[in-house]
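Chemist: File name start-v8.cif; file contents mmCIF, C-alpha atoms, pLDDT in the B column; chains and numbers go by the auth columns; full text below.
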data_work
loop_
_atom_site.group_PDB
_atom_site.id
_atom_site.type_symbol
_atom_site.label_atom_id
_atom_site.label_comp_id
_atom_site.label_asym_id
_atom_site.label_seq_id
_atom_site.Cartn_x
_atom_site.Cartn_y
_atom_site.Cartn_z
_atom_site.B_iso_or_equiv
_atom_site.auth_seq_id
_atom_site.auth_asym_id
ATOM 1 C CA MET A 1 -17.558 14.142 7.432 45.00 1 A
ATOM 2 C CA THR A 2 -17.778 17.414 9.354 47.00 2 A
ATOM 3 C CA ASP A 3 -19.067 20.677 7.869 64.00 3 A
ATOM 4 C CA ALA A 4 -15.544 22.038 7.371 80.00 4 A
ATOM 5 C CA ALA A 5 -13.714 20.655 4.358 87.00 5 A
ATOM 6 C CA PRO A 6 -10.493 18.805 5.151 94.00 6 A
ATOM 7 C CA VAL A 7 -7.318 20.854 4.743 96.00 7 A
ATOM 8 C CA LEU A 8 -4.715 19.652 2.240 97.00 8 A
ATOM 9 C CA ARG A 9 -1.063 19.847 3.237 97.00 9 A
ATOM 10 C CA ALA A 10 2.217 18.117 2.449 97.00 10 A
ATOM 11 C CA ALA A 11 2.557 14.727 4.106 98.00 11 A
ATOM 12 C CA THR A 12 5.382 14.146 6.582 97.00 12 A
ATOM 13 C CA GLU A 13 6.792 11.072 8.269 96.00 13 A
ATOM 14 C CA ALA A 14 4.630 11.981 11.281 97.00 14 A
ATOM 15 C CA ASP A 15 1.593 11.112 9.106 97.00 15 A
ATOM 16 C CA LEU A 16 2.836 7.600 8.320 98.00 16 A
ATOM 17 C CA ASP A 17 0.752 5.741 10.932 97.00 17 A
ATOM 18 C CA ALA A 18 -2.476 7.410 9.803 97.00 18 A
ATOM 19 C CA ILE A 19 -1.625 6.936 6.122 98.00 19 A
ATOM 20 C CA MET A 20 -0.896 3.256 6.653 97.00 20 A
ATOM 21 C CA ALA A 21 -4.147 2.737 8.578 97.00 21 A
ATOM 22 C CA LEU A 22 -6.107 4.170 5.634 97.00 22 A
ATOM 23 C CA GLU A 23 -3.902 2.345 3.103 96.00 23 A
ATOM 24 C CA GLU A 24 -4.479 -1.022 4.751 95.00 24 A
ATOM 25 C CA SER A 25 -8.224 -0.493 5.154 95.00 25 A
ATOM 26 C CA SER A 26 -8.648 0.791 1.586 93.00 26 A
ATOM 27 C CA PHE A 27 -6.420 -1.727 -0.199 91.00 27 A
ATOM 28 C CA THR A 28 -6.831 -4.852 1.894 87.00 28 A
ATOM 29 C CA SER A 29 -5.280 -7.300 -0.570 87.00 29 A
ATOM 30 C CA ASP A 30 -2.621 -5.115 -2.196 87.00 30 A
ATOM 31 C CA ALA A 31 -1.646 -2.407 0.308 91.00 31 A
ATOM 32 C CA TRP A 32 1.793 -0.864 0.094 94.00 32 A
ATOM 33 C CA SER A 33 4.299 -1.846 2.748 96.00 33 A
ATOM 34 C CA ARG A 34 5.094 0.632 5.501 97.00 34 A
ATOM 35 C CA ASP A 35 8.724 0.851 4.321 97.00 35 A
ATOM 36 C CA SER A 36 7.695 1.602 0.727 96.00 36 A
ATOM 37 C CA MET A 37 5.258 4.300 1.829 97.00 37 A
ATOM 38 C CA GLN A 38 7.834 5.890 4.128 97.00 38 A
ATOM 39 C CA ARG A 39 10.416 6.013 1.314 97.00 39 A
ATOM 40 C CA GLU A 40 7.862 7.673 -0.966 97.00 40 A
ATOM 41 C CA ILE A 41 6.859 10.318 1.586 97.00 41 A
ATOM 42 C CA VAL A 42 10.452 11.459 2.183 97.00 42 A
ATOM 43 C CA SER A 43 11.698 11.170 -1.406 97.00 43 A
ATOM 44 C CA PRO A 44 12.603 14.460 -3.102 96.00 44 A
ATOM 45 C CA PHE A 45 11.258 12.931 -6.323 97.00 45 A
ATOM 46 C CA CYS A 46 7.788 12.568 -4.812 97.00 46 A
ATOM 47 C CA HIS A 47 5.093 14.862 -3.488 97.00 47 A
ATOM 48 C CA TYR A 48 2.597 13.384 -1.025 98.00 48 A
ATOM 49 C CA LEU A 49 -0.444 15.165 0.345 98.00 49 A
ATOM 50 C CA VAL A 50 -2.727 14.457 3.265 98.00 50 A
ATOM 51 C CA ALA A 51 -6.248 15.767 3.785 98.00 51 A
ATOM 52 C CA VAL A 52 -6.781 16.469 7.477 97.00 52 A
ATOM 53 C CA ARG A 53 -10.200 16.917 9.077 96.00 53 A
ATOM 54 C CA ALA A 54 -10.898 19.674 11.626 94.00 54 A
ATOM 55 C CA ASP A 55 -10.712 17.002 14.363 94.00 55 A
ATOM 56 C CA GLY A 56 -7.175 16.079 13.218 94.00 56 A
ATOM 57 C CA GLY A 57 -8.200 12.783 11.608 95.00 57 A
ATOM 58 C CA LEU A 58 -6.949 11.731 8.195 97.00 58 A
ATOM 59 C CA ALA A 59 -9.606 12.036 5.499 97.00 59 A
ATOM 60 C CA GLY A 60 -7.349 11.026 2.611 98.00 60 A
ATOM 61 C CA TYR A 61 -3.916 11.059 1.029 98.00 61 A
ATOM 62 C CA ALA A 62 -2.367 10.969 -2.413 98.00 62 A
ATOM 63 C CA GLY A 63 1.100 10.761 -3.890 98.00 63 A
ATOM 64 C CA LEU A 64 2.941 11.852 -7.000 98.00 64 A
ATOM 65 C CA LEU A 65 6.242 10.701 -8.490 98.00 65 A
ATOM 66 C CA CYS A 66 7.760 13.524 -10.535 97.00 66 A
ATOM 67 C CA PRO A 67 11.450 14.386 -10.379 95.00 67 A
ATOM 68 C CA GLU A 68 11.995 18.120 -10.929 88.00 68 A
ATOM 69 C CA GLY A 69 12.269 18.828 -14.643 86.00 69 A
ATOM 70 C CA SER A 70 10.956 15.428 -15.776 91.00 70 A
ATOM 71 C CA SER A 71 8.535 15.543 -18.696 95.00 71 A
ATOM 72 C CA ASP A 72 6.475 12.707 -17.166 97.00 72 A
ATOM 73 C CA ALA A 73 4.736 12.347 -13.811 98.00 73 A
ATOM 74 C CA ASP A 74 2.916 9.427 -12.215 98.00 74 A
ATOM 75 C CA ILE A 75 0.116 9.382 -9.666 98.00 75 A
ATOM 76 C CA GLN A 76 1.394 6.728 -7.270 97.00 76 A
ATOM 77 C CA THR A 77 -1.611 6.320 -4.992 96.00 77 A
ATOM 78 C CA ILE A 78 -4.750 7.979 -3.696 97.00 78 A
ATOM 79 C CA ALA A 79 -7.197 6.995 -0.982 96.00 79 A
ATOM 80 C CA VAL A 80 -10.146 8.738 0.641 97.00 80 A
ATOM 81 C CA ASP A 81 -11.742 7.499 3.859 96.00 81 A
ATOM 82 C CA PRO A 82 -15.210 6.072 3.097 94.00 82 A
ATOM 83 C CA ALA A 83 -16.760 8.614 5.501 93.00 83 A
ATOM 84 C CA ASP A 84 -15.298 11.456 3.411 94.00 84 A
ATOM 85 C CA ARG A 85 -16.175 10.198 -0.072 92.00 85 A
ATOM 86 C CA GLY A 86 -18.612 11.952 -2.355 91.00 86 A
ATOM 87 C CA HIS A 87 -17.639 15.483 -1.306 93.00 87 A
ATOM 88 C CA GLY A 88 -14.951 16.267 -3.904 95.00 88 A
ATOM 89 C CA LEU A 89 -11.941 15.336 -1.799 96.00 89 A
ATOM 90 C CA GLY A 90 -10.527 12.875 -4.353 96.00 90 A
ATOM 91 C CA ARG A 91 -10.871 15.561 -7.027 97.00 91 A
ATOM 92 C CA ALA A 92 -9.138 18.121 -4.785 97.00 92 A
ATOM 93 C CA LEU A 93 -6.222 15.755 -4.090 98.00 93 A
ATOM 94 C CA MET A 94 -5.850 14.885 -7.782 97.00 94 A
ATOM 95 C CA THR A 95 -6.089 18.522 -8.878 97.00 95 A
ATOM 96 C CA GLU A 96 -3.343 19.539 -6.460 97.00 96 A
ATOM 97 C CA LEU A 97 -1.066 16.665 -7.566 97.00 97 A
ATOM 98 C CA MET A 98 -1.607 17.614 -11.201 97.00 98 A
ATOM 99 C CA ALA A 99 -0.744 21.234 -10.368 96.00 99 A
ATOM 100 C CA GLU A 100 2.427 20.110 -8.569 96.00 100 A
ATOM 101 C CA ALA A 101 3.442 18.017 -11.592 96.00 101 A
ATOM 102 C CA ALA A 102 2.992 21.107 -13.787 95.00 102 A
ATOM 103 C CA ARG A 103 5.075 23.201 -11.347 94.00 103 A
ATOM 104 C CA ARG A 104 7.799 20.565 -11.709 94.00 104 A
ATOM 105 C CA ARG A 105 7.532 21.081 -15.491 94.00 105 A
ATOM 106 C CA ALA A 106 5.987 17.716 -16.377 96.00 106 A
ATOM 107 C CA ARG A 107 4.064 17.725 -19.640 96.00 107 A
ATOM 108 C CA GLN A 108 2.030 14.576 -19.075 97.00 108 A
ATOM 109 C CA ILE A 109 0.851 12.538 -16.136 98.00 109 A
ATOM 110 C CA PHE A 110 0.027 8.843 -15.882 98.00 110 A
ATOM 111 C CA LEU A 111 -1.849 6.587 -13.483 98.00 111 A
ATOM 112 C CA GLU A 112 -3.256 3.098 -13.227 97.00 112 A
ATOM 113 C CA VAL A 113 -6.784 2.408 -12.009 97.00 113 A
ATOM 114 C CA ARG A 114 -8.382 -0.910 -11.193 95.00 114 A
ATOM 115 C CA ALA A 115 -10.692 -1.996 -13.999 97.00 115 A
ATOM 116 C CA ASP A 116 -13.291 -2.822 -11.330 95.00 116 A
ATOM 117 C CA ASN A 117 -13.380 0.754 -9.942 94.00 117 A
ATOM 118 C CA PRO A 118 -15.755 2.735 -12.190 96.00 118 A
ATOM 119 C CA VAL A 119 -16.084 5.637 -9.735 94.00 119 A
ATOM 120 C CA ALA A 120 -12.340 6.366 -9.744 95.00 120 A
ATOM 121 C CA HIS A 121 -12.160 5.768 -13.503 97.00 121 A
ATOM 122 C CA GLY A 122 -14.929 8.326 -14.037 96.00 122 A
ATOM 123 C CA LEU A 123 -13.186 10.867 -11.813 96.00 123 A
ATOM 124 C CA TYR A 124 -9.942 10.528 -13.737 97.00 124 A
ATOM 125 C CA ARG A 125 -11.720 10.870 -17.099 97.00 125 A
ATOM 126 C CA SER A 126 -13.434 14.034 -15.846 97.00 126 A
ATOM 127 C CA LEU A 127 -9.986 15.429 -14.981 96.00 127 A
ATOM 128 C CA GLY A 128 -8.775 14.952 -18.564 96.00 128 A
ATOM 129 C CA PHE A 129 -7.226 11.478 -18.375 97.00 129 A
ATOM 130 C CA ASP A 130 -7.637 9.126 -21.335 98.00 130 A
ATOM 131 C CA ASP A 131 -7.344 5.332 -21.349 98.00 131 A
ATOM 132 C CA ILE A 132 -4.175 4.322 -23.180 98.00 132 A
ATOM 133 C CA ALA A 133 -3.583 0.664 -22.264 98.00 133 A
ATOM 134 C CA VAL A 134 -4.639 -2.267 -20.116 98.00 134 A
ATOM 135 C CA ARG A 135 -2.264 -4.257 -17.936 97.00 135 A
ATOM 136 C CA PRO A 136 -3.852 -7.693 -17.480 97.00 136 A
ATOM 137 C CA ASN A 137 -3.855 -9.109 -13.942 95.00 137 A
ATOM 138 C CA TYR A 138 -1.874 -6.108 -12.651 94.00 138 A
ATOM 139 C CA TYR A 139 -3.425 -5.971 -9.188 92.00 139 A
ATOM 140 C CA GLN A 140 -2.383 -9.001 -7.205 90.00 140 A
ATOM 141 C CA PRO A 141 -3.401 -11.219 -5.579 90.00 141 A
ATOM 142 C CA ASP A 142 -6.860 -10.352 -6.987 90.00 142 A
ATOM 143 C CA GLY A 143 -5.862 -10.694 -10.648 93.00 143 A
ATOM 144 C CA VAL A 144 -7.659 -7.451 -11.575 94.00 144 A
ATOM 145 C CA ASP A 145 -6.615 -5.584 -14.715 96.00 145 A
ATOM 146 C CA ALA A 146 -5.205 -2.063 -14.533 96.00 146 A
ATOM 147 C CA VAL A 147 -6.382 0.585 -16.954 98.00 147 A
ATOM 148 C CA VAL A 148 -3.418 2.846 -17.731 98.00 148 A
ATOM 149 C CA MET A 149 -4.443 6.470 -18.183 98.00 149 A
ATOM 150 C CA ARG A 150 -2.642 9.607 -19.326 98.00 150 A
ATOM 151 C CA ALA A 151 -3.428 13.311 -19.225 98.00 151 A
ATOM 152 C CA GLU A 152 -1.598 16.150 -20.900 97.00 152 A
ATOM 153 C CA LEU A 153 -0.920 18.849 -18.351 95.00 153 A
ATOM 154 C CA GLY A 154 -2.393 22.176 -19.363 77.00 154 A
ATOM 155 C CA ARG A 155 -5.147 20.486 -21.419 60.00 155 A
ATOM 156 C CA PRO A 156 -8.681 21.506 -20.414 55.00 156 A
ATOM 157 C CA ALA A 157 -10.147 19.037 -17.894 54.00 157 A
ATOM 158 C CA GLY A 158 -12.867 16.822 -19.259 49.00 158 A
ATOM 159 C CA ARG A 159 -11.650 16.975 -22.850 45.00 159 A
ATOM 160 C CA THR A 160 -11.050 13.494 -24.199 46.00 160 A
ATOM 161 C CA SER A 161 -9.407 12.309 -27.357 45.00 161 A
ATOM 162 C CA ALA A 162 -11.517 10.760 -30.088 38.00 162 A
#
Here is the file; what I need is its structure written in the form of structure tokens.
Modeler:
Amino acid sequence: MTDAAPVLRAATEADLDAIMALEESSFTSDAWSRDSMQREIVSPFCHYLVAVRADGGLAGYAGLLCPEGSSDADIQTIAVDPADRGHGLGRALMTELMAEAARRRARQIFLEVRADNPVAHGLYRSLGFDDIAVRPNYYQPDGVDAVVMRAELGRPAGRTSA
């Protein structure tokens, strides 16, 4: 990672090749299809962000599903290039998606995280998400469980329910 922090901006169809390269390298066994990702990026019900390095390379991306006025939002996906991890970029992407969900008047936001990804799980907990369910064998073909998490928008980050 360079000294300058990557810049966050709205994703466009022009970002699709770079997004898919990171998607396929990050999620080798369960990557989204190019068509699905393209539909998400252009959907008015979604908000996708990219994090662009000073050299123009893609450092990360994240997506939100939240129709305007819906009380619920869903983090669809997030990925950070391994070279850019550990510098707060995942937190920045998540924070901006949570803010966008609040702007769209959502009251709560959901996500699923692989049960075998304690780093991401810890990040989400620190942002105010609580575990609410487990979906057995959700991630295929690996058969890994998904931990379903929820955060109330407007609740102080890091606060967890008892």
Chemist: When you count only C-alpha atoms, which of these residues is closest to Ala21 of chain A: A:Gly154, A:Gly57, A:Pro44, A:Gly69?
Modeler: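 Going through A:Gly154, A:Gly57, A:Pro44, A:Gly69 one by one, the smallest distance to Ala21 of chain A is for A:Gly57.
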Chemist: Of the candidates A:Asp131, A:Glu24, A:Asp55, A:Glu68, which shows the shortest atom-to-atom distance to Ala101 of chain A, using only C-alpha atoms?
Modeler: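 Of all the options, A:Glu68 lies closest to Ala101 of chain A.
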Chemist: Could you list, as a PyMOL selection string, every residue within 9 Å of Arg91 of chain A, counting only C-alpha atoms and ignoring same-chain residues fewer than 5 positions away?
Modeler: chain A and resi 96+123-124+127
Chemist: Measure the distance from atom CA of Val113 of chain A to atom CA of Phe45 of chain A in Å and round it to one decimal.
Modeler: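 Between atom CA of Val113 of chain A and atom CA of Phe45 of chain A the gap is 21.6 Å.
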Chemist: Report the distance between atom CA of Arg105 of chain A and atom CA of Ser126 of chain A in Å, rounded to one decimal place.
Modeler: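 Atom CA of Ser126 of chain A lies 22.1 Å from atom CA of Arg105 of chain A.
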Chemist: Find the spatial neighbours of Asp15 of chain A, counting all atoms listed in the file, within a cut-off of 12 Å - ignore same-chain residues fewer than 2 positions away - and output them as a PyMOL selection string.
Modeler: chain A and resi 9-13+17-23+34+37-38+41-42+48-52+56-61
Chemist: Considering all atoms listed in the file, return as an MDAnalysis selection string whatever protein or nucleic-acid residues lie within 8 Å of Ala54 of chain A, sequence-local ones (same chain, fewer than 4 positions apart) excluded.
Modeler: chainID A and resid 2 4:7
Chemist: Tell me which protein, DNA and RNA residues are within 10 Å of Asp116 of chain A, counting all atoms listed in the file, leaving out same-chain ones fewer than 6 positions away, and put them as a list in words.
Modeler: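 The contact residues come out as Val144, Asp145, Ala146 and Val147 of chain A.
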Chemist: Could you tell me which of A:Gly63, A:Arg150, A:Asp35, A:Glu112 comes closest to Tyr138 of chain A if we count all atoms listed in the file?
Modeler: A:Glu112
Chemist: Have a look at A:Arg53, A:Ile109, A:Arg104, A:Asp142 and name the one nearest to Leu89 of chain A; count all atoms listed in the file.
Modeler: A:Arg53
Chemist: Distance atom CA of Leu97 of chain A-atom CA of Ile75 of chain A, one decimal place?
Modeler: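 Atom CA of Ile75 of chain A lies at a distance of 7.7 Å from atom CA of Leu97 of chain A.
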Chemist: For Glu40 of chain A, which residue out of A:Gly128, A:Thr77, A:Gly143, A:Ala92 is the nearest one, using only C-alpha atoms?
Modeler: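 Among A:Gly128, A:Thr77, A:Gly143, A:Ala92, it is A:Thr77 that comes nearest to Glu40 of chain A.
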